[in-house]
Amino acid sequence: MLLILDGETAPDAPLIRTGGVPLAPGGFVWPVCRACGGAMQFLAHLPLDGVVVAVFFCQNDPGTCDEWDAASGANRAYLFTGDLVPATVPAEGETLLGAVTALRPQSADAPADGPVLGQSGGEPEWLQNDETPACPSCAAPMTFTASLEEGHDSATAANFGGGGLGYVFTCRPCAEAAFLWQR
């Protein structure tokens with residue numbers, strides 16, 4: 001499935017979107033970058049097949065933390081189930097994108113009827129080499145879940161180095177998720 005630009009939406013909308021605030025279990029603690037210690041930027045809310053993936057990456061001083069690497073500690077993805085509420089956003093750090101963008105799934109078999117901002121399921125279209133992460137709990141290769149383009153304008157763009165692509169992976173049995181990007 002393609003993820004097509006579907007306009008602006010509320011910051012806590014329970015639909016596929018980039019930006020806004022994450023919906024998370026009560027008591028959720030906002031992730032911080034292992035390299036710089038700053039609060040990470042929330043990138044995407046992805047409700048897919050009965051789970052929600054929340055994606056974060058460090059943007060406090062782009063380029064100094066290895067936010068492109070799934071295992072560096074400069075990004076974080078979570079796999080959530082159950083009742084979710086808007087998370088409390090830290091007052092410090094580069095924590096939010098400039099705007100909230102709804103994404104609408106559309107069959108990849110039909111011509112795209114709007115700007116394509118990602119993909120849900122299928123096989124990843126690697127810009128470089130295959131970097132499928134191993135699950136940190138069971139060590140099995142994780143399942144490709146979604147890809148995300150940088151965005152359709154400067155307010156909604158994630159910083160993937162200019163022309164990059166973000167990749168989201170999950171291991172449902174272990175309730176783990178991972179994120180990385182390539183350029």
# chains A, B, ... in the order shown; residues from 1 in each chain; ligands from 1
>>> residues_around(residues="stretch 55-71 of chain A", least_positions_apart="3", cutoff="7 Å", atoms="only C-alpha atoms", output="list in words")
Cys33, Ala35, Cys36, Gly38, Met40, Gln41, Phe42, Leu43, Ala44, His45, Ala74, Asn75, Arg76, Ala77, Tyr78, Gly93, Glu94, Pro133, Ala178, Phe179, Leu180, Trp181 and Gln182 of chain A
>>> write_last_selection(atoms="N, CA, C and O atoms", output="tab-separated table (two decimals), in the first residue's frame")
chain	number	residue	atom	x	y	z
A	33	CYS	N	17.92	10.90	23.25
A	33	CYS	CA	19.03	10.40	22.45
A	33	CYS	C	20.14	9.90	23.36
A	33	CYS	O	20.55	10.60	24.30
A	35	ALA	N	23.18	9.58	22.49
A	35	ALA	CA	24.41	10.31	22.19
A	35	ALA	C	24.44	11.70	22.84
A	35	ALA	O	25.41	12.05	23.50
A	36	CYS	N	23.37	12.49	22.66
A	36	CYS	CA	23.40	13.87	23.15
A	36	CYS	C	22.54	14.10	24.39
A	36	CYS	O	22.64	15.15	25.01
A	38	GLY	N	19.39	14.68	24.48
A	38	GLY	CA	18.24	15.53	24.22
A	38	GLY	C	16.99	14.73	23.88
A	38	GLY	O	17.07	13.58	23.42
A	40	MET	N	14.02	13.39	21.79
A	40	MET	CA	13.93	13.12	20.35
A	40	MET	C	12.71	13.78	19.74
A	40	MET	O	11.75	14.11	20.43
A	41	GLN	N	12.75	13.94	18.42
A	41	GLN	CA	11.62	14.50	17.67
A	41	GLN	C	10.65	13.37	17.30
A	41	GLN	O	11.07	12.32	16.82
A	42	PHE	N	9.35	13.61	17.55
A	42	PHE	CA	8.34	12.65	17.14
A	42	PHE	C	8.12	12.80	15.64
A	42	PHE	O	7.86	13.88	15.14
A	43	LEU	N	8.21	11.67	14.93
A	43	LEU	CA	8.11	11.70	13.48
A	43	LEU	C	6.78	11.18	12.96
A	43	LEU	O	6.15	11.81	12.12
A	44	ALA	N	6.33	9.99	13.43
A	44	ALA	CA	5.17	9.38	12.80
A	44	ALA	C	4.35	8.53	13.76
A	44	ALA	O	4.90	7.88	14.65
A	45	HIS	N	3.05	8.54	13.51
A	45	HIS	CA	2.06	7.70	14.20
A	45	HIS	C	1.50	6.78	13.13
A	45	HIS	O	0.87	7.24	12.18
A	74	ALA	N	20.06	6.95	18.75
A	74	ALA	CA	19.67	8.30	18.35
A	74	ALA	C	18.32	8.30	17.64
A	74	ALA	O	17.90	9.32	17.10
A	75	ASN	N	17.64	7.17	17.63
A	75	ASN	CA	16.26	7.09	17.17
A	75	ASN	C	15.58	6.00	17.97
A	75	ASN	O	16.24	5.19	18.64
A	76	ARG	N	14.26	5.97	17.92
A	76	ARG	CA	13.52	4.97	18.68
A	76	ARG	C	12.16	4.77	18.03
A	76	ARG	O	11.52	5.73	17.62
A	77	ALA	N	11.74	3.52	17.92
A	77	ALA	CA	10.39	3.19	17.46
A	77	ALA	C	9.77	2.29	18.51
A	77	ALA	O	10.44	1.44	19.10
A	78	TYR	N	8.49	2.50	18.74
A	78	TYR	CA	7.74	1.72	19.74
A	78	TYR	C	6.58	1.03	19.06
A	78	TYR	O	5.96	1.59	18.16
A	93	GLY	N	14.15	20.80	23.64
A	93	GLY	CA	14.58	19.95	22.54
A	93	GLY	C	13.76	20.14	21.28
A	93	GLY	O	12.71	20.79	21.29
A	94	GLU	N	14.24	19.57	20.19
A	94	GLU	CA	13.55	19.58	18.90
A	94	GLU	C	12.62	18.37	18.89
A	94	GLU	O	12.99	17.29	18.44
A	133	PRO	N	17.08	-4.63	10.34
A	133	PRO	CA	17.61	-4.83	11.68
A	133	PRO	C	17.19	-6.17	12.28
A	133	PRO	O	16.16	-6.74	11.91
A	178	ALA	N	11.73	-0.87	15.20
A	178	ALA	CA	13.00	-0.22	14.91
A	178	ALA	C	12.81	0.74	13.75
A	178	ALA	O	11.91	0.58	12.92
A	179	PHE	N	13.69	1.74	13.68
A	179	PHE	CA	13.66	2.75	12.63
A	179	PHE	C	15.08	3.04	12.18
A	179	PHE	O	16.02	3.05	12.99
A	180	LEU	N	15.24	3.30	10.88
A	180	LEU	CA	16.50	3.75	10.33
A	180	LEU	C	16.19	4.55	9.08
A	180	LEU	O	15.07	4.52	8.58
A	181	TRP	N	17.15	5.29	8.59
A	181	TRP	CA	16.95	5.97	7.30
A	181	TRP	C	18.22	5.91	6.48
A	181	TRP	O	19.31	5.70	7.00
A	182	GLN	N	18.02	6.05	5.18
A	182	GLN	CA	19.11	6.05	4.22
A	182	GLN	C	18.96	7.23	3.27
A	182	GLN	O	17.86	7.72	3.07
>>> select_by_dssp(residues="stretch 96-167 of chain A", states="strand (DSSP E or B)", output="list of chain:residue names")
A:Leu96, A:Thr101, A:Ala102, A:Leu103, A:Arg104, A:Pro105, A:Gln106, A:Val116, A:Leu117, A:Gly118, A:Gln119, A:Ser120, A:Ala134, A:Pro141, A:Thr143, A:Phe144, A:Thr145, A:Ala146, A:Ser147, A:Leu148, A:Glu149, A:Leu165, A:Gly166, A:Tyr167
>>> write_last_selection(atoms="N, CA, C and O atoms", output="JSON list (two decimals), in the first residue's frame")
[["chain", "number", "residue", "atom", "x", "y", "z"],
["A", 96, "LEU", "N", 9.01, 18.25, 17.93],
["A", 96, "LEU", "CA", 7.86, 18.15, 17.03],
["A", 96, "LEU", "C", 8.19, 18.66, 15.63],
["A", 96, "LEU", "O", 8.96, 19.60, 15.48],
["A", 101, "THR", "N", 0.62, 15.96, 9.13],
["A", 101, "THR", "CA", 0.16, 15.53, 7.81],
["A", 101, "THR", "C", -0.51, 14.18, 7.90],
["A", 101, "THR", "O", 0.11, 13.21, 8.35],
["A", 102, "ALA", "N", -1.76, 14.10, 7.46],
["A", 102, "ALA", "CA", -2.46, 12.81, 7.39],
["A", 102, "ALA", "C", -1.97, 12.06, 6.16],
["A", 102, "ALA", "O", -1.70, 12.66, 5.11],
["A", 103, "LEU", "N", -1.85, 10.74, 6.30],
["A", 103, "LEU", "CA", -1.46, 9.87, 5.20],
["A", 103, "LEU", "C", -2.59, 8.87, 4.96],
["A", 103, "LEU", "O", -3.10, 8.29, 5.91],
["A", 104, "ARG", "N", -2.95, 8.69, 3.70],
["A", 104, "ARG", "CA", -4.05, 7.80, 3.33],
["A", 104, "ARG", "C", -3.51, 6.60, 2.58],
["A", 104, "ARG", "O", -2.79, 6.76, 1.60],
["A", 105, "PRO", "N", -3.84, 5.38, 3.03],
["A", 105, "PRO", "CA", -3.40, 4.20, 2.28],
["A", 105, "PRO", "C", -4.12, 4.11, 0.94],
["A", 105, "PRO", "O", -5.31, 4.42, 0.83],
["A", 106, "GLN", "N", -3.38, 3.71, -0.08],
["A", 106, "GLN", "CA", -3.95, 3.49, -1.42],
["A", 106, "GLN", "C", -3.22, 2.31, -2.04],
["A", 106, "GLN", "O", -2.00, 2.18, -1.91],
["A", 116, "VAL", "N", 2.97, 10.72, -3.11],
["A", 116, "VAL", "CA", 3.29, 9.52, -2.33],
["A", 116, "VAL", "C", 4.30, 9.92, -1.26],
["A", 116, "VAL", "O", 5.37, 10.45, -1.56],
["A", 117, "LEU", "N", 3.95, 9.66, 0.01],
["A", 117, "LEU", "CA", 4.82, 10.01, 1.13],
["A", 117, "LEU", "C", 5.31, 8.78, 1.88],
["A", 117, "LEU", "O", 5.88, 8.90, 2.96],
["A", 118, "GLY", "N", 5.06, 7.60, 1.32],
["A", 118, "GLY", "CA", 5.56, 6.39, 1.95],
["A", 118, "GLY", "C", 4.88, 5.15, 1.43],
["A", 118, "GLY", "O", 4.16, 5.18, 0.43],
["A", 119, "GLN", "N", 5.12, 4.07, 2.16],
["A", 119, "GLN", "CA", 4.62, 2.76, 1.78],
["A", 119, "GLN", "C", 4.32, 1.98, 3.05],
["A", 119, "GLN", "O", 5.05, 2.09, 4.03],
["A", 120, "SER", "N", 3.26, 1.20, 3.03],
["A", 120, "SER", "CA", 2.92, 0.32, 4.14],
["A", 120, "SER", "C", 2.99, -1.12, 3.66],
["A", 120, "SER", "O", 2.32, -1.48, 2.70],
["A", 134, "ALA", "N", 17.99, -6.65, 13.22],
["A", 134, "ALA", "CA", 17.65, -7.83, 14.00],
["A", 134, "ALA", "C", 16.85, -7.37, 15.23],
["A", 134, "ALA", "O", 17.13, -6.31, 15.79],
["A", 141, "PRO", "N", 15.49, -11.49, 12.10],
["A", 141, "PRO", "CA", 15.31, -10.31, 11.25],
["A", 141, "PRO", "C", 13.90, -9.74, 11.46],
["A", 141, "PRO", "O", 12.92, -10.49, 11.52],
["A", 143, "THR", "N", 10.46, -7.49, 10.57],
["A", 143, "THR", "CA", 9.59, -7.40, 9.41],
["A", 143, "THR", "C", 9.45, -5.95, 8.96],
["A", 143, "THR", "O", 9.12, -5.07, 9.77],
["A", 144, "PHE", "N", 9.65, -5.71, 7.67],
["A", 144, "PHE", "CA", 9.44, -4.38, 7.12],
["A", 144, "PHE", "C", 7.97, -4.02, 7.30],
["A", 144, "PHE", "O", 7.07, -4.78, 6.95],
["A", 145, "THR", "N", 7.72, -2.83, 7.85],
["A", 145, "THR", "CA", 6.36, -2.39, 8.16],
["A", 145, "THR", "C", 5.95, -1.18, 7.33],
["A", 145, "THR", "O", 4.83, -1.12, 6.85],
["A", 146, "ALA", "N", 6.86, -0.21, 7.17],
["A", 146, "ALA", "CA", 6.52, 1.00, 6.43],
["A", 146, "ALA", "C", 7.78, 1.75, 6.04],
["A", 146, "ALA", "O", 8.83, 1.57, 6.66],
["A", 147, "SER", "N", 7.64, 2.58, 5.02],
["A", 147, "SER", "CA", 8.70, 3.54, 4.68],
["A", 147, "SER", "C", 8.07, 4.92, 4.67],
["A", 147, "SER", "O", 6.86, 5.06, 4.44],
["A", 148, "LEU", "N", 8.89, 5.92, 4.92],
["A", 148, "LEU", "CA", 8.43, 7.31, 4.98],
["A", 148, "LEU", "C", 9.35, 8.19, 4.15],
["A", 148, "LEU", "O", 10.57, 8.13, 4.31],
["A", 149, "GLU", "N", 8.76, 9.00, 3.29],
["A", 149, "GLU", "CA", 9.50, 10.01, 2.54],
["A", 149, "GLU", "C", 9.79, 11.18, 3.49],
["A", 149, "GLU", "O", 9.18, 11.28, 4.55],
["A", 165, "LEU", "N", 15.10, 8.34, 2.78],
["A", 165, "LEU", "CA", 13.90, 7.53, 3.00],
["A", 165, "LEU", "C", 14.04, 6.83, 4.36],
["A", 165, "LEU", "O", 15.09, 6.26, 4.65],
["A", 166, "GLY", "N", 12.98, 6.92, 5.18],
["A", 166, "GLY", "CA", 12.97, 6.26, 6.48],
["A", 166, "GLY", "C", 12.31, 4.89, 6.38],
["A", 166, "GLY", "O", 11.39, 4.70, 5.59],
["A", 167, "TYR", "N", 12.78, 3.94, 7.19],
["A", 167, "TYR", "CA", 12.29, 2.56, 7.18],
["A", 167, "TYR", "C", 11.87, 2.15, 8.58],
["A", 167, "TYR", "O", 12.65, 2.31, 9.52]]
>>> closest_residue(among="A:Gly7, A:Arg183, A:Gly82, A:Gly27", to="A:Trp126", atoms="only C-alpha atoms")
A:Arg183
>>> atom_distance(atom1="atom CA of A:Asp83", atom2="atom CA of A:Val52")
10.6 Å
>>> atom_distance(atom1="atom CA of A:Glu92", atom2="atom CA of A:Gly73")
18.5 Å
>>> residues_around(residues="A:Val89", least_positions_apart="4", cutoff="12 Å", atoms="only C-alpha atoms", output="PyMOL selection string")
chain A and resi 11-12+20-24+28-32+39-42+93-96
>>> write_last_selection(atoms="C-alpha atoms", output="PDB file, in the first residue's frame")
ATOM      1  CA  PRO A  11      -2.070  16.719  16.292  1.00  0.00           C
ATOM      2  CA  ASP A  12      -3.529  13.734  18.196  1.00  0.00           C
ATOM      3  CA  GLY A  20       1.700  15.975  15.971  1.00  0.00           C
ATOM      4  CA  VAL A  21       2.021  14.173  19.286  1.00  0.00           C
ATOM      5  CA  PRO A  22       2.366  10.447  19.827  1.00  0.00           C
ATOM      6  CA  LEU A  23      -0.515   8.434  21.189  1.00  0.00           C
ATOM      7  CA  ALA A  24       1.028   6.158  23.798  1.00  0.00           C
ATOM      8  CA  PHE A  28       4.908   6.792  28.581  1.00  0.00           C
ATOM      9  CA  VAL A  29       8.320   8.436  28.977  1.00  0.00           C
ATOM     10  CA  TRP A  30       9.496  10.493  25.980  1.00  0.00           C
ATOM     11  CA  PRO A  31      12.694   9.007  24.507  1.00  0.00           C
ATOM     12  CA  VAL A  32      16.026  10.801  24.719  1.00  0.00           C
ATOM     13  CA  ALA A  39      14.559  14.706  23.754  1.00  0.00           C
ATOM     14  CA  MET A  40      13.931  13.116  20.351  1.00  0.00           C
ATOM     15  CA  GLN A  41      11.622  14.495  17.666  1.00  0.00           C
ATOM     16  CA  PHE A  42       8.340  12.647  17.138  1.00  0.00           C
ATOM     17  CA  GLY A  93      14.576  19.949  22.540  1.00  0.00           C
ATOM     18  CA  GLU A  94      13.549  19.578  18.903  1.00  0.00           C
ATOM     19  CA  THR A  95      10.520  17.418  19.681  1.00  0.00           C
ATOM     20  CA  LEU A  96       7.859  18.145  17.031  1.00  0.00           C
TER      21      LEU A  96
END
>>> closest_residue(among="A:Ala54, A:Val85, A:Ala140, A:Val100", to="A:Val168", atoms="only C-alpha atoms")
A:Ala54
>>> atom_distance(atom1="atom CA of A:Gly121", atom2="atom CA of A:Leu79")
15.4 Å
>>> decode(residues="stretch 49-82 of chain A", atoms="N, CA and C atoms", output="mmCIF file, in the first residue's frame")
data_model
loop_
_atom_site.group_PDB
_atom_site.id
_atom_site.type_symbol
_atom_site.label_atom_id
_atom_site.label_comp_id
_atom_site.auth_asym_id
_atom_site.auth_seq_id
_atom_site.Cartn_x
_atom_site.Cartn_y
_atom_site.Cartn_z
ATOM 1 N N ASP A 49 -2.626 -2.655 11.139
ATOM 2 C CA ASP A 49 -2.970 -4.043 11.464
ATOM 3 C C ASP A 49 -3.071 -4.319 12.961
ATOM 4 N N GLY A 50 -3.804 -3.500 13.692
ATOM 5 C CA GLY A 50 -4.080 -3.761 15.103
ATOM 6 C C GLY A 50 -3.018 -3.294 16.082
ATOM 7 N N VAL A 51 -1.954 -2.682 15.606
ATOM 8 C CA VAL A 51 -0.927 -2.119 16.484
ATOM 9 C C VAL A 51 -0.658 -0.683 16.044
ATOM 10 N N VAL A 52 0.039 0.047 16.883
ATOM 11 C CA VAL A 52 0.458 1.400 16.532
ATOM 12 C C VAL A 52 1.970 1.467 16.688
ATOM 13 N N VAL A 53 2.631 1.969 15.657
ATOM 14 C CA VAL A 53 4.063 2.207 15.739
ATOM 15 C C VAL A 53 4.262 3.713 15.862
ATOM 16 N N ALA A 54 5.040 4.120 16.867
ATOM 17 C CA ALA A 54 5.412 5.521 17.059
ATOM 18 C C ALA A 54 6.906 5.638 16.778
ATOM 19 N N VAL A 55 7.276 6.588 15.924
ATOM 20 C CA VAL A 55 8.662 6.721 15.469
ATOM 21 C C VAL A 55 9.235 8.067 15.922
ATOM 22 N N PHE A 56 10.446 8.010 16.483
ATOM 23 C CA PHE A 56 11.168 9.184 16.971
ATOM 24 C C PHE A 56 12.595 9.147 16.434
ATOM 25 N N PHE A 57 13.209 10.338 16.256
ATOM 26 C CA PHE A 57 14.646 10.382 15.983
ATOM 27 C C PHE A 57 15.211 11.713 16.441
ATOM 28 N N CYS A 58 16.512 11.726 16.746
ATOM 29 C CA CYS A 58 17.159 12.910 17.298
ATOM 30 C C CYS A 58 17.344 13.969 16.227
ATOM 31 N N GLN A 59 16.922 15.194 16.551
ATOM 32 C CA GLN A 59 17.126 16.333 15.660
ATOM 33 C C GLN A 59 17.663 17.531 16.430
ATOM 34 N N ASN A 60 18.254 17.282 17.587
ATOM 35 C CA ASN A 60 18.759 18.375 18.412
ATOM 36 C C ASN A 60 19.970 19.065 17.800
ATOM 37 N N ASP A 61 20.834 18.339 17.152
ATOM 38 C CA ASP A 61 21.977 18.888 16.442
ATOM 39 C C ASP A 61 22.240 17.963 15.266
ATOM 40 N N PRO A 62 21.397 18.047 14.221
ATOM 41 C CA PRO A 62 21.467 17.067 13.121
ATOM 42 C C PRO A 62 22.882 16.847 12.605
ATOM 43 N N GLY A 63 23.210 15.559 12.448
ATOM 44 C CA GLY A 63 24.506 15.189 11.932
ATOM 45 C C GLY A 63 25.509 14.800 13.001
ATOM 46 N N THR A 64 25.276 15.199 14.255
ATOM 47 C CA THR A 64 26.219 14.837 15.306
ATOM 48 C C THR A 64 25.838 13.533 15.999
ATOM 49 N N CYS A 65 24.586 13.146 15.950
ATOM 50 C CA CYS A 65 24.120 11.872 16.502
ATOM 51 C C CYS A 65 23.799 10.955 15.316
ATOM 52 N N ASP A 66 24.017 9.678 15.459
ATOM 53 C CA ASP A 66 23.804 8.739 14.354
ATOM 54 C C ASP A 66 22.332 8.344 14.242
ATOM 55 N N GLU A 67 21.462 9.339 13.984
ATOM 56 C CA GLU A 67 20.016 9.097 13.964
ATOM 57 C C GLU A 67 19.566 8.218 12.807
ATOM 58 N N TRP A 68 20.421 7.961 11.839
ATOM 59 C CA TRP A 68 20.087 7.096 10.704
ATOM 60 C C TRP A 68 20.235 5.616 11.039
ATOM 61 N N ASP A 69 20.960 5.293 12.087
ATOM 62 C CA ASP A 69 21.300 3.919 12.442
ATOM 63 C C ASP A 69 20.273 3.339 13.421
ATOM 64 N N ALA A 70 19.697 2.186 13.093
ATOM 65 C CA ALA A 70 18.655 1.577 13.923
ATOM 66 C C ALA A 70 19.128 1.237 15.326
ATOM 67 N N ALA A 71 20.418 1.007 15.524
ATOM 68 C CA ALA A 71 20.924 0.560 16.823
ATOM 69 C C ALA A 71 21.745 1.611 17.562
ATOM 70 N N SER A 72 21.809 2.836 17.068
ATOM 71 C CA SER A 72 22.694 3.848 17.648
ATOM 72 C C SER A 72 22.174 4.472 18.935
ATOM 73 N N GLY A 73 20.878 4.392 19.169
ATOM 74 C CA GLY A 73 20.297 5.080 20.317
ATOM 75 C C GLY A 73 19.907 6.513 20.019
ATOM 76 N N ALA A 74 20.058 6.946 18.752
ATOM 77 C CA ALA A 74 19.669 8.297 18.353
ATOM 78 C C ALA A 74 18.322 8.301 17.641
ATOM 79 N N ASN A 75 17.644 7.166 17.630
ATOM 80 C CA ASN A 75 16.260 7.094 17.170
ATOM 81 C C ASN A 75 15.582 5.995 17.970
ATOM 82 N N ARG A 76 14.265 5.973 17.915
ATOM 83 C CA ARG A 76 13.516 4.974 18.680
ATOM 84 C C ARG A 76 12.165 4.773 18.033
ATOM 85 N N ALA A 77 11.740 3.518 17.919
ATOM 86 C CA ALA A 77 10.392 3.193 17.456
ATOM 87 C C ALA A 77 9.766 2.291 18.507
ATOM 88 N N TYR A 78 8.489 2.497 18.740
ATOM 89 C CA TYR A 78 7.744 1.721 19.739
ATOM 90 C C TYR A 78 6.579 1.032 19.063
ATOM 91 N N LEU A 79 6.236 -0.145 19.545
ATOM 92 C CA LEU A 79 5.070 -0.891 19.092
ATOM 93 C C LEU A 79 4.079 -0.889 20.247
ATOM 94 N N PHE A 80 2.942 -0.214 20.061
ATOM 95 C CA PHE A 80 1.942 -0.064 21.112
ATOM 96 C C PHE A 80 0.668 -0.826 20.779
ATOM 97 N N THR A 81 -0.013 -1.308 21.809
ATOM 98 C CA THR A 81 -1.358 -1.866 21.702
ATOM 99 C C THR A 81 -2.153 -1.334 22.890
ATOM 100 N N GLY A 82 -3.459 -1.532 22.859
ATOM 101 C CA GLY A 82 -4.301 -1.132 23.986
ATOM 102 C C GLY A 82 -4.713 0.320 23.921
#
